[in-house]
Each structure stands twice: as C-alpha cells, then as structure tokens.
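Okay, run.pdb now, which holds PDB, C-alpha atoms, pLDDT in the B column:
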ATOM      1  CA  MET D   1     -14.803 -31.302 212.845  1.00 52.00           C
ATOM      2  CA  PRO D   2     -12.436 -33.780 211.125  1.00 50.00           C
ATOM      3  CA  GLU D   3     -13.372 -37.433 211.593  1.00 53.00           C
ATOM      4  CA  HIS D   4     -11.171 -39.908 213.473  1.00 68.00           C
ATOM      5  CA  VAL D   5      -8.981 -37.195 214.960  1.00 77.00           C
ATOM      6  CA  GLU D   6      -6.449 -38.234 217.587  1.00 87.00           C
ATOM      7  CA  LEU D   7      -5.149 -35.318 219.623  1.00 95.00           C
ATOM      8  CA  SER D   8      -1.418 -35.076 220.230  1.00 96.00           C
ATOM      9  CA  GLY D   9       1.076 -32.431 221.223  1.00 96.00           C
ATOM     10  CA  PRO D  10       4.093 -31.610 223.366  1.00 97.00           C
ATOM     11  CA  ALA D  11       4.616 -33.104 226.811  1.00 98.00           C
ATOM     12  CA  PHE D  12       6.715 -32.376 229.901  1.00 98.00           C
ATOM     13  CA  ALA D  13       7.780 -35.429 231.871  1.00 98.00           C
ATOM     14  CA  PRO D  14       7.620 -35.629 235.681  1.00 97.00           C
ATOM     15  CA  ALA D  15      10.436 -33.622 237.245  1.00 95.00           C
ATOM     16  CA  SER D  16      11.065 -36.509 239.640  1.00 95.00           C
ATOM     17  CA  GLY D  17      12.222 -38.680 236.760  1.00 96.00           C
ATOM     18  CA  GLY D  18       9.777 -41.397 237.767  1.00 96.00           C
ATOM     19  CA  PRO D  19       6.447 -42.499 236.324  1.00 96.00           C
ATOM     20  CA  ALA D  20       3.594 -40.015 236.243  1.00 97.00           C
ATOM     21  CA  LYS D  21       1.298 -40.102 239.266  1.00 97.00           C
ATOM     22  CA  GLN D  22      -0.792 -37.131 238.114  1.00 98.00           C
ATOM     23  CA  LEU D  23      -1.657 -35.511 234.788  1.00 98.00           C
ATOM     24  CA  VAL D  24      -2.177 -31.839 234.002  1.00 98.00           C
ATOM     25  CA  ILE D  25      -3.691 -31.281 230.553  1.00 98.00           C
ATOM     26  CA  LEU D  26      -3.239 -27.803 229.105  1.00 98.00           C
ATOM     27  CA  LEU D  27      -5.658 -26.597 226.416  1.00 98.00           C
ATOM     28  CA  HIS D  28      -4.436 -23.641 224.369  1.00 98.00           C
ATOM     29  CA  GLY D  29      -6.338 -20.753 222.837  1.00 96.00           C
ATOM     30  CA  VAL D  30      -7.336 -20.089 219.246  1.00 95.00           C
ATOM     31  CA  GLY D  31      -4.475 -19.430 216.848  1.00 93.00           C
ATOM     32  CA  ALA D  32      -1.893 -21.142 219.053  1.00 96.00           C
ATOM     33  CA  ASP D  33      -0.910 -24.767 219.614  1.00 96.00           C
ATOM     34  CA  GLY D  34       0.305 -26.948 222.432  1.00 96.00           C
ATOM     35  CA  ASN D  35       3.693 -25.250 222.493  1.00 96.00           C
ATOM     36  CA  ASP D  36       1.989 -22.088 223.730  1.00 94.00           C
ATOM     37  CA  LEU D  37       1.234 -23.533 227.177  1.00 97.00           C
ATOM     38  CA  ILE D  38       3.723 -26.349 227.697  1.00 97.00           C
ATOM     39  CA  GLY D  39       6.248 -23.690 228.694  1.00 95.00           C
ATOM     40  CA  LEU D  40       4.277 -23.249 231.919  1.00 96.00           C
ATOM     41  CA  ALA D  41       5.018 -26.810 232.985  1.00 97.00           C
ATOM     42  CA  PRO D  42       8.433 -26.196 234.609  1.00 95.00           C
ATOM     43  CA  MET D  43       6.937 -23.612 236.948  1.00 94.00           C
ATOM     44  CA  LEU D  44       3.851 -25.675 237.737  1.00 95.00           C
ATOM     45  CA  SER D  45       5.906 -28.823 238.271  1.00 95.00           C
ATOM     46  CA  GLN D  46       7.903 -27.302 241.124  1.00 93.00           C
ATOM     47  CA  GLY D  47       5.202 -28.344 243.561  1.00 92.00           C
ATOM     48  CA  LEU D  48       4.131 -31.376 241.533  1.00 96.00           C
ATOM     49  CA  PRO D  49       7.317 -33.353 240.809  1.00 96.00           C
ATOM     50  CA  ASP D  50       5.371 -36.511 239.941  1.00 97.00           C
ATOM     51  CA  ALA D  51       2.997 -34.827 237.483  1.00 98.00           C
ATOM     52  CA  GLU D  52       3.223 -35.134 233.714  1.00 98.00           C
ATOM     53  CA  PHE D  53       2.032 -32.192 231.627  1.00 98.00           C
ATOM     54  CA  LEU D  54       0.354 -32.718 228.254  1.00 98.00           C
ATOM     55  CA  ALA D  55      -0.550 -29.927 225.824  1.00 98.00           C
ATOM     56  CA  PRO D  56      -2.529 -31.336 222.893  1.00 98.00           C
ATOM     57  CA  ASN D  57      -2.853 -29.376 219.685  1.00 97.00           C
ATOM     58  CA  ALA D  58      -6.445 -28.433 218.839  1.00 97.00           C
ATOM     59  CA  PRO D  59      -7.957 -30.500 216.013  1.00 95.00           C
ATOM     60  CA  GLU D  60      -8.427 -27.842 213.336  1.00 95.00           C
ATOM     61  CA  PRO D  61      -6.129 -25.381 211.551  1.00 91.00           C
ATOM     62  CA  CYS D  62      -7.019 -21.838 212.581  1.00 92.00           C
ATOM     63  CA  ASP D  63      -9.354 -20.356 209.974  1.00 92.00           C
ATOM     64  CA  MET D  64      -8.504 -16.760 210.907  1.00 86.00           C
ATOM     65  CA  ALA D  65      -4.702 -16.933 210.746  1.00 83.00           C
ATOM     66  CA  PRO D  66      -2.042 -18.564 208.566  1.00 84.00           C
ATOM     67  CA  VAL D  67      -0.682 -20.557 211.520  1.00 88.00           C
ATOM     68  CA  GLY D  68      -1.997 -22.105 214.713  1.00 94.00           C
ATOM     69  CA  ARG D  69      -4.909 -24.331 215.623  1.00 96.00           C
ATOM     70  CA  GLN D  70      -8.449 -23.976 216.933  1.00 95.00           C
ATOM     71  CA  TRP D  71     -10.859 -26.107 218.923  1.00 96.00           C
ATOM     72  CA  PHE D  72     -13.671 -24.600 216.866  1.00 95.00           C
ATOM     73  CA  SER D  73     -14.167 -21.625 214.558  1.00 92.00           C
ATOM     74  CA  LEU D  74     -14.752 -18.188 216.004  1.00 89.00           C
ATOM     75  CA  GLN D  75     -15.654 -16.486 212.747  1.00 87.00           C
ATOM     76  CA  ASP D  76     -19.266 -16.534 213.937  1.00 89.00           C
ATOM     77  CA  ARG D  77     -19.308 -15.626 217.638  1.00 90.00           C
ATOM     78  CA  SER D  78     -23.013 -16.038 218.240  1.00 92.00           C
ATOM     79  CA  ALA D  79     -23.756 -18.042 221.370  1.00 93.00           C
ATOM     80  CA  ASP D  80     -25.418 -20.972 219.598  1.00 94.00           C
ATOM     81  CA  VAL D  81     -22.571 -21.388 217.100  1.00 95.00           C
ATOM     82  CA  ILE D  82     -19.934 -21.300 219.850  1.00 95.00           C
ATOM     83  CA  GLU D  83     -21.908 -23.831 221.855  1.00 96.00           C
ATOM     84  CA  ALA D  84     -22.112 -26.132 218.832  1.00 96.00           C
ATOM     85  CA  GLY D  85     -18.363 -25.826 218.322  1.00 96.00           C
ATOM     86  CA  VAL D  86     -17.594 -26.686 221.938  1.00 97.00           C
ATOM     87  CA  ARG D  87     -19.935 -29.670 221.872  1.00 97.00           C
ATOM     88  CA  ALA D  88     -18.330 -30.984 218.678  1.00 95.00           C
ATOM     89  CA  ALA D  89     -14.802 -30.791 220.082  1.00 96.00           C
ATOM     90  CA  ALA D  90     -15.596 -32.009 223.611  1.00 96.00           C
ATOM     91  CA  PRO D  91     -15.510 -35.766 222.821  1.00 95.00           C
ATOM     92  CA  LEU D  92     -11.949 -35.395 221.502  1.00 96.00           C
ATOM     93  CA  VAL D  93     -10.813 -33.900 224.808  1.00 97.00           C
ATOM     94  CA  ASP D  94     -12.684 -36.565 226.763  1.00 96.00           C
ATOM     95  CA  LYS D  95     -11.028 -39.310 224.746  1.00 96.00           C
ATOM     96  CA  PHE D  96      -7.609 -37.700 225.183  1.00 97.00           C
ATOM     97  CA  ILE D  97      -8.107 -37.714 228.950  1.00 97.00           C
ATOM     98  CA  ASP D  98      -9.317 -41.309 229.043  1.00 96.00           C
ATOM     99  CA  ASP D  99      -6.631 -42.630 226.699  1.00 96.00           C
ATOM    100  CA  ASN D 100      -3.799 -41.011 228.607  1.00 97.00           C
ATOM    101  CA  CYS D 101      -5.173 -42.153 231.957  1.00 97.00           C
ATOM    102  CA  ALA D 102      -5.298 -45.711 230.634  1.00 96.00           C
ATOM    103  CA  ILE D 103      -1.766 -45.585 229.241  1.00 96.00           C
ATOM    104  CA  ARG D 104      -0.358 -44.382 232.570  1.00 96.00           C
ATOM    105  CA  GLN D 105      -2.792 -46.287 234.811  1.00 96.00           C
ATOM    106  CA  ILE D 106      -3.920 -43.035 236.420  1.00 96.00           C
ATOM    107  CA  THR D 107      -7.473 -42.477 237.659  1.00 96.00           C
ATOM    108  CA  PRO D 108      -9.321 -39.313 236.558  1.00 96.00           C
ATOM    109  CA  ASP D 109      -9.257 -37.909 240.091  1.00 96.00           C
ATOM    110  CA  ARG D 110      -5.511 -37.485 239.546  1.00 97.00           C
ATOM    111  CA  VAL D 111      -6.082 -35.332 236.424  1.00 98.00           C
ATOM    112  CA  ALA D 112      -6.567 -31.572 236.138  1.00 98.00           C
ATOM    113  CA  LEU D 113      -7.577 -29.474 233.126  1.00 98.00           C
ATOM    114  CA  PHE D 114      -5.903 -26.103 232.569  1.00 98.00           C
ATOM    115  CA  GLY D 115      -7.365 -23.984 229.774  1.00 98.00           C
ATOM    116  CA  PHE D 116      -6.597 -20.574 228.328  1.00 98.00           C
ATOM    117  CA  SER D 117      -9.180 -18.522 226.365  1.00 97.00           C
ATOM    118  CA  GLN D 118     -10.865 -20.946 223.955  1.00 97.00           C
ATOM    119  CA  GLY D 119      -9.149 -23.729 225.861  1.00 98.00           C
ATOM    120  CA  CYS D 120     -10.801 -22.415 229.030  1.00 98.00           C
ATOM    121  CA  MET D 121     -14.199 -22.762 227.364  1.00 98.00           C
ATOM    122  CA  MET D 122     -13.339 -26.342 226.480  1.00 98.00           C
ATOM    123  CA  SER D 123     -12.000 -27.152 229.954  1.00 98.00           C
ATOM    124  CA  LEU D 124     -15.075 -25.863 231.751  1.00 98.00           C
ATOM    125  CA  PHE D 125     -17.440 -27.646 229.388  1.00 98.00           C
ATOM    126  CA  VAL D 126     -15.669 -31.006 229.491  1.00 98.00           C
ATOM    127  CA  GLY D 127     -14.629 -30.969 233.122  1.00 97.00           C
ATOM    128  CA  LEU D 128     -18.142 -30.537 234.486  1.00 98.00           C
ATOM    129  CA  ARG D 129     -19.798 -33.171 232.289  1.00 97.00           C
ATOM    130  CA  ARG D 130     -17.537 -36.172 232.849  1.00 95.00           C
ATOM    131  CA  GLN D 131     -18.949 -39.296 234.460  1.00 91.00           C
ATOM    132  CA  THR D 132     -15.639 -39.730 236.271  1.00 91.00           C
ATOM    133  CA  ALA D 133     -14.733 -36.504 238.070  1.00 93.00           C
ATOM    134  CA  LEU D 134     -11.416 -34.755 237.542  1.00 98.00           C
ATOM    135  CA  ALA D 135      -9.350 -33.281 240.366  1.00 98.00           C
ATOM    136  CA  ALA D 136      -9.723 -29.640 239.277  1.00 98.00           C
ATOM    137  CA  VAL D 137     -10.392 -27.282 236.382  1.00 98.00           C
ATOM    138  CA  LEU D 138      -8.369 -24.100 235.911  1.00 98.00           C
ATOM    139  CA  GLY D 139      -9.633 -21.492 233.470  1.00 98.00           C
ATOM    140  CA  TYR D 140      -7.742 -18.400 232.342  1.00 98.00           C
ATOM    141  CA  SER D 141      -9.186 -15.511 230.301  1.00 97.00           C
ATOM    142  CA  GLY D 142     -12.160 -17.520 229.077  1.00 97.00           C
ATOM    143  CA  ALA D 143     -15.897 -17.911 229.425  1.00 97.00           C
ATOM    144  CA  LEU D 144     -18.551 -20.384 230.511  1.00 97.00           C
ATOM    145  CA  VAL D 145     -20.403 -21.633 227.431  1.00 97.00           C
ATOM    146  CA  ALA D 146     -24.152 -22.296 227.664  1.00 95.00           C
ATOM    147  CA  PRO D 147     -24.415 -21.393 231.379  1.00 95.00           C
ATOM    148  CA  GLU D 148     -28.198 -21.697 231.246  1.00 94.00           C
ATOM    149  CA  LYS D 149     -27.859 -25.419 230.447  1.00 95.00           C
ATOM    150  CA  LEU D 150     -25.189 -26.298 232.972  1.00 96.00           C
ATOM    151  CA  ALA D 151     -27.438 -27.098 235.928  1.00 94.00           C
ATOM    152  CA  ALA D 152     -29.317 -29.666 233.839  1.00 95.00           C
ATOM    153  CA  GLU D 153     -26.178 -31.174 232.258  1.00 97.00           C
ATOM    154  CA  ILE D 154     -23.598 -31.108 235.048  1.00 97.00           C
ATOM    155  CA  VAL D 155     -22.370 -34.529 236.110  1.00 96.00           C
ATOM    156  CA  SER D 156     -19.329 -33.850 238.285  1.00 96.00           C
ATOM    157  CA  ARG D 157     -18.236 -30.853 240.331  1.00 97.00           C
ATOM    158  CA  PRO D 158     -14.453 -30.547 240.584  1.00 97.00           C
ATOM    159  CA  PRO D 159     -13.210 -27.316 242.166  1.00 97.00           C
ATOM    160  CA  VAL D 160     -12.743 -24.546 239.611  1.00 98.00           C
ATOM    161  CA  LEU D 161     -10.301 -21.635 239.522  1.00 98.00           C
ATOM    162  CA  LEU D 162     -11.035 -18.735 237.168  1.00 98.00           C
ATOM    163  CA  VAL D 163      -8.392 -16.075 236.503  1.00 98.00           C
ATOM    164  CA  HIS D 164      -9.039 -13.064 234.269  1.00 98.00           C
ATOM    165  CA  GLY D 165      -7.239  -9.840 233.430  1.00 97.00           C
ATOM    166  CA  GLU D 166      -9.224  -6.695 234.085  1.00 97.00           C
ATOM    167  CA  ALA D 167      -7.827  -5.121 230.892  1.00 98.00           C
ATOM    168  CA  ASP D 168      -8.589  -8.076 228.603  1.00 97.00           C
ATOM    169  CA  PRO D 169      -9.459  -6.704 225.121  1.00 96.00           C
ATOM    170  CA  VAL D 170     -10.339 -10.117 223.659  1.00 95.00           C
ATOM    171  CA  VAL D 171     -12.594 -11.852 226.186  1.00 96.00           C
ATOM    172  CA  PRO D 172     -14.219  -9.105 228.269  1.00 96.00           C
ATOM    173  CA  TYR D 173     -13.419  -9.112 231.976  1.00 97.00           C
ATOM    174  CA  GLN D 174     -17.155  -9.171 232.689  1.00 96.00           C
ATOM    175  CA  MET D 175     -17.196 -12.782 231.545  1.00 96.00           C
ATOM    176  CA  LEU D 176     -15.485 -13.702 234.814  1.00 97.00           C
ATOM    177  CA  ALA D 177     -18.484 -12.706 236.920  1.00 97.00           C
ATOM    178  CA  ALA D 178     -20.862 -14.343 234.463  1.00 96.00           C
ATOM    179  CA  ALA D 179     -18.931 -17.606 234.631  1.00 97.00           C
ATOM    180  CA  GLN D 180     -18.774 -17.471 238.404  1.00 97.00           C
ATOM    181  CA  ALA D 181     -22.528 -16.962 238.642  1.00 97.00           C
ATOM    182  CA  GLY D 182     -23.244 -19.840 236.274  1.00 96.00           C
ATOM    183  CA  LEU D 183     -20.914 -22.203 238.098  1.00 97.00           C
ATOM    184  CA  GLU D 184     -22.207 -21.322 241.547  1.00 97.00           C
ATOM    185  CA  ALA D 185     -25.796 -21.768 240.372  1.00 95.00           C
ATOM    186  CA  ALA D 186     -24.850 -25.326 239.392  1.00 96.00           C
ATOM    187  CA  GLY D 187     -23.299 -26.020 242.790  1.00 96.00           C
ATOM    188  CA  VAL D 188     -19.654 -25.775 241.760  1.00 97.00           C
ATOM    189  CA  ASP D 189     -16.973 -24.646 244.219  1.00 97.00           C
ATOM    190  CA  VAL D 190     -15.368 -21.770 242.302  1.00 98.00           C
ATOM    191  CA  GLN D 191     -12.521 -19.413 243.165  1.00 97.00           C
ATOM    192  CA  THR D 192     -11.961 -16.277 241.095  1.00 98.00           C
ATOM    193  CA  VAL D 193      -8.871 -14.121 240.729  1.00 97.00           C
ATOM    194  CA  SER D 194      -8.954 -10.713 239.033  1.00 97.00           C
ATOM    195  CA  ARG D 195      -5.673  -9.337 237.725  1.00 97.00           C
ATOM    196  CA  PRO D 196      -5.570  -5.512 237.507  1.00 97.00           C
ATOM    197  CA  GLY D 197      -3.951  -4.212 234.339  1.00 96.00           C
ATOM    198  CA  LEU D 198      -3.582  -7.635 232.738  1.00 97.00           C
ATOM    199  CA  GLY D 199      -4.742  -8.061 229.152  1.00 97.00           C
ATOM    200  CA  HIS D 200      -5.482 -11.338 227.389  1.00 97.00           C
ATOM    201  CA  GLY D 201      -2.818 -13.451 228.977  1.00 96.00           C
ATOM    202  CA  ILE D 202      -1.497 -15.284 232.013  1.00 97.00           C
ATOM    203  CA  ASP D 203       0.782 -13.679 234.572  1.00 96.00           C
ATOM    204  CA  GLU D 204       2.925 -15.082 237.374  1.00 95.00           C
ATOM    205  CA  ALA D 205       0.343 -14.285 240.034  1.00 96.00           C
ATOM    206  CA  GLY D 206      -2.257 -16.291 238.147  1.00 96.00           C
ATOM    207  CA  ILE D 207       0.164 -19.174 237.747  1.00 96.00           C
ATOM    208  CA  ARG D 208       0.865 -19.161 241.484  1.00 96.00           C
ATOM    209  CA  GLU D 209      -2.852 -19.419 242.219  1.00 97.00           C
ATOM    210  CA  GLY D 210      -3.174 -22.263 239.754  1.00 97.00           C
ATOM    211  CA  ALA D 211      -0.154 -24.088 241.146  1.00 97.00           C
ATOM    212  CA  ALA D 212      -1.591 -23.851 244.642  1.00 97.00           C
ATOM    213  CA  LEU D 213      -4.902 -25.404 243.535  1.00 97.00           C
ATOM    214  CA  LEU D 214      -3.128 -28.149 241.644  1.00 97.00           C
ATOM    215  CA  GLN D 215      -1.028 -29.032 244.667  1.00 96.00           C
ATOM    216  CA  ARG D 216      -4.078 -29.130 246.941  1.00 96.00           C
ATOM    217  CA  THR D 217      -6.179 -31.286 244.648  1.00 97.00           C
ATOM    218  CA  LEU D 218      -3.660 -33.579 242.989  1.00 96.00           C
ATOM    219  CA  THR D 219      -1.566 -34.497 246.035  1.00 89.00           C
ATOM    220  CA  ALA D 220      -4.343 -34.773 248.620  1.00 72.00           C
TER     221      ALA D 220
END

Could you quickly redo this structure as structure tokens?
Amino acid sequence: MPEHVELSGPAFAPASGGPAKQLVILLHGVGADGNDLIGLAPMLSQGLPDAEFLAPNAPEPCDMAPVGRQWFSLQDRSADVIEAGVRAAAPLVDKFIDDNCAIRQITPDRVALFGFSQGCMMSLFVGLRRQTALAAVLGYSGALVAPEKLAAEIVSRPPVLLVHGEADPVVPYQMLAAAQAGLEAAGVDVQTVSRPGLGHGIDEAGIREGAALLQRTLTA
C-alpha cells in the first residue's frame, strides 16, 4: 500500500443545489475507478436531493489490467491474503469518510457506504468496525471478508443491504448466503436481494432496493 495516500475521485453535488446534508460514498470494484459508480448518483439522488455522492478512486493501479485501480491485489485470492489487503486499505477509507464529514460538518450517521465487488468487501469491513456508526452499508456482488473474526471485531451495526446476481461468474452467488450468515451471527440487521439471471453487475431492481434503504436511513 502506498504511503501517505489521499483518496480522491469524482463527485455528484446535491440535486437541491444546496449544501450537502448527507453523504453517499461509492467504492468501485477492481479494475475500475470512481467513474464506474458515480453514474448511479442521478438515480439515487432522486429520493435524496440533499445528498452528495463521492466515488473515490482506489489507491493502487490495477496489477491485472493496463487500466483501472484496485483496493488491494487479487492475484493471490487466498483468504488470508485478501484479508490482509482489506485491512491495509481500510484506514484510507476511514480517513476519507472522516475528512469529508469534517469538511461538510456532517455526522457519520448521515453517511452511507455503497460498494460493488471488491468495493463491497471494503464497505462491509470498514462500515462494521467504525467507532462512530454510519447510517447504512450497501453491498453489491461482493463478499464478507474474515467472517469468523467479525463477532469479536464488530464495533457498530448499521443496517446492511446485500444484492447479488444469481448468474455471477466472478464472485459466486453462494457468497451472498455466506455473508448473510456471518452478519447475522454478529447481530447485524441484514437484508438480501437475489437477482435471477444477473451476472457480475448492478441492475435497476438492485438500485431501487438500495435507494429505498438510503432514503429510510439518511432522512429519518
């Protein structure tokens, strides 16, 4: 992990035109960058006109493709190596959350994490270990890293939404049930959505479910 990294990436300002009252932070998957998910902001903002959307670029160049970024390498996909990668990148995401809350004078309970694939792994790891709880964590087509350690390490329990395509060829659909079991064992309120026929991606039905959770938790 590079030292002294400051995450940055594209943003989508509140549709209301006023100052941000909530933040939604979108964490992309391996081989992409923040531009991959910021395009979801217009749809998500329809019910959250005062929310600002931030999509930071992951800290490392992708080591398996000529373009794109990664939160950690996936060349070795053994569980202990993935866990080490998540733990190394987690402080950068935490700092990004804290810094942007401070800039906008927003409390963490007005912040949601939205992660896809590798970004889902990061969102679940960070969101459940923060001293100051977030409003919600949304995870798409990802996995729960180190589930056997979660009960001992969990600090906060924001509601979690997990969405996964049943035809996912990259992150097996079975990871949805495994993540649900690990989260529930740690006392997390988790909602799961299975999408028949969907591969490794996000569809409109999944976005609608996510938008509904964001509206419930960020505007309550």

So which residues get picked by the PyMOL selection byres ((chain D and resi 13) around 7) here, written as a PyMOL selection string?
-> chain D and resi 11-12+14-15+52-53

Step by step, work through what the PyMOL selection byres ((chain D and resi 146) around 12) selects in the shown file, and finish by giving those residues as a ChimeraX atom specification.
-> /D:78-87,121-122,124-125,143-145,147-154,178-179,182-183

I'd like the residues picked by the PyMOL selection byres ((chain D and resi 64) around 8) written out as a PDB file with C-alpha atoms, in the frame of the given file, using the chain letters and numbers from the file.
ATOM      1  CA  GLY D  31      -4.475 -19.430 216.848  1.00 93.00           C
ATOM      2  CA  CYS D  62      -7.019 -21.838 212.581  1.00 92.00           C
ATOM      3  CA  ASP D  63      -9.354 -20.356 209.974  1.00 92.00           C
ATOM      4  CA  ALA D  65      -4.702 -16.933 210.746  1.00 83.00           C
ATOM      5  CA  PRO D  66      -2.042 -18.564 208.566  1.00 84.00           C
ATOM      6  CA  GLN D  75     -15.654 -16.486 212.747  1.00 87.00           C
TER       7      GLN D  75
END

Please report, as lines of an AutoDock Vina configuration file, the centre and edge lengths in Å to one decimal of an axis-aligned box covering all listed atoms of segment 29-46 of chain D with 4 Å per side.
center_x = 0.5
center_y = -24.1
center_z = 229.0
size_x = 23.8
size_y = 17.4
size_z = 32.3

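Here atom CA of Gly9 of chain D stands at a distance of 21.2 Å from atom CA of Ile207 of chain D.
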
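In this comparison, which uses all atoms listed in the file, the residue of D:Ala185, D:Met175, D:Val160, D:Val155 approaching Arg130 of chain D most closely is D:Val155.
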
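For the set D:Arg77, D:Arg129, D:Arg157, D:Lys21, the residue with the smallest atom-to-atom gap to Arg104 of chain D is D:Lys21, counting all atoms listed in the file.
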
Could you jot down the atom CA of Gln131 of chain D to atom CA of Ser45 of chain D separation for me, Å, one decimal place?
-> 27.2 Å

Asp36 of chain D environment, 10 Å, all atoms listed in the file, sequence neighbours closer than 4 positions dropped, as a PyMOL selection string | chain D and resi 10+26-29+31-32+40+55+57+68+116

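Between atom CA of Ala167 of chain D and atom CA of Ala136 of chain D the separation is 26.0 Å.
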
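When all atoms listed in the file are used to compute distances to Gly165 of chain D, the closest of the residues D:Asp203, D:Glu184, D:Glu209, D:Glu60 turns out to be D:Asp203.
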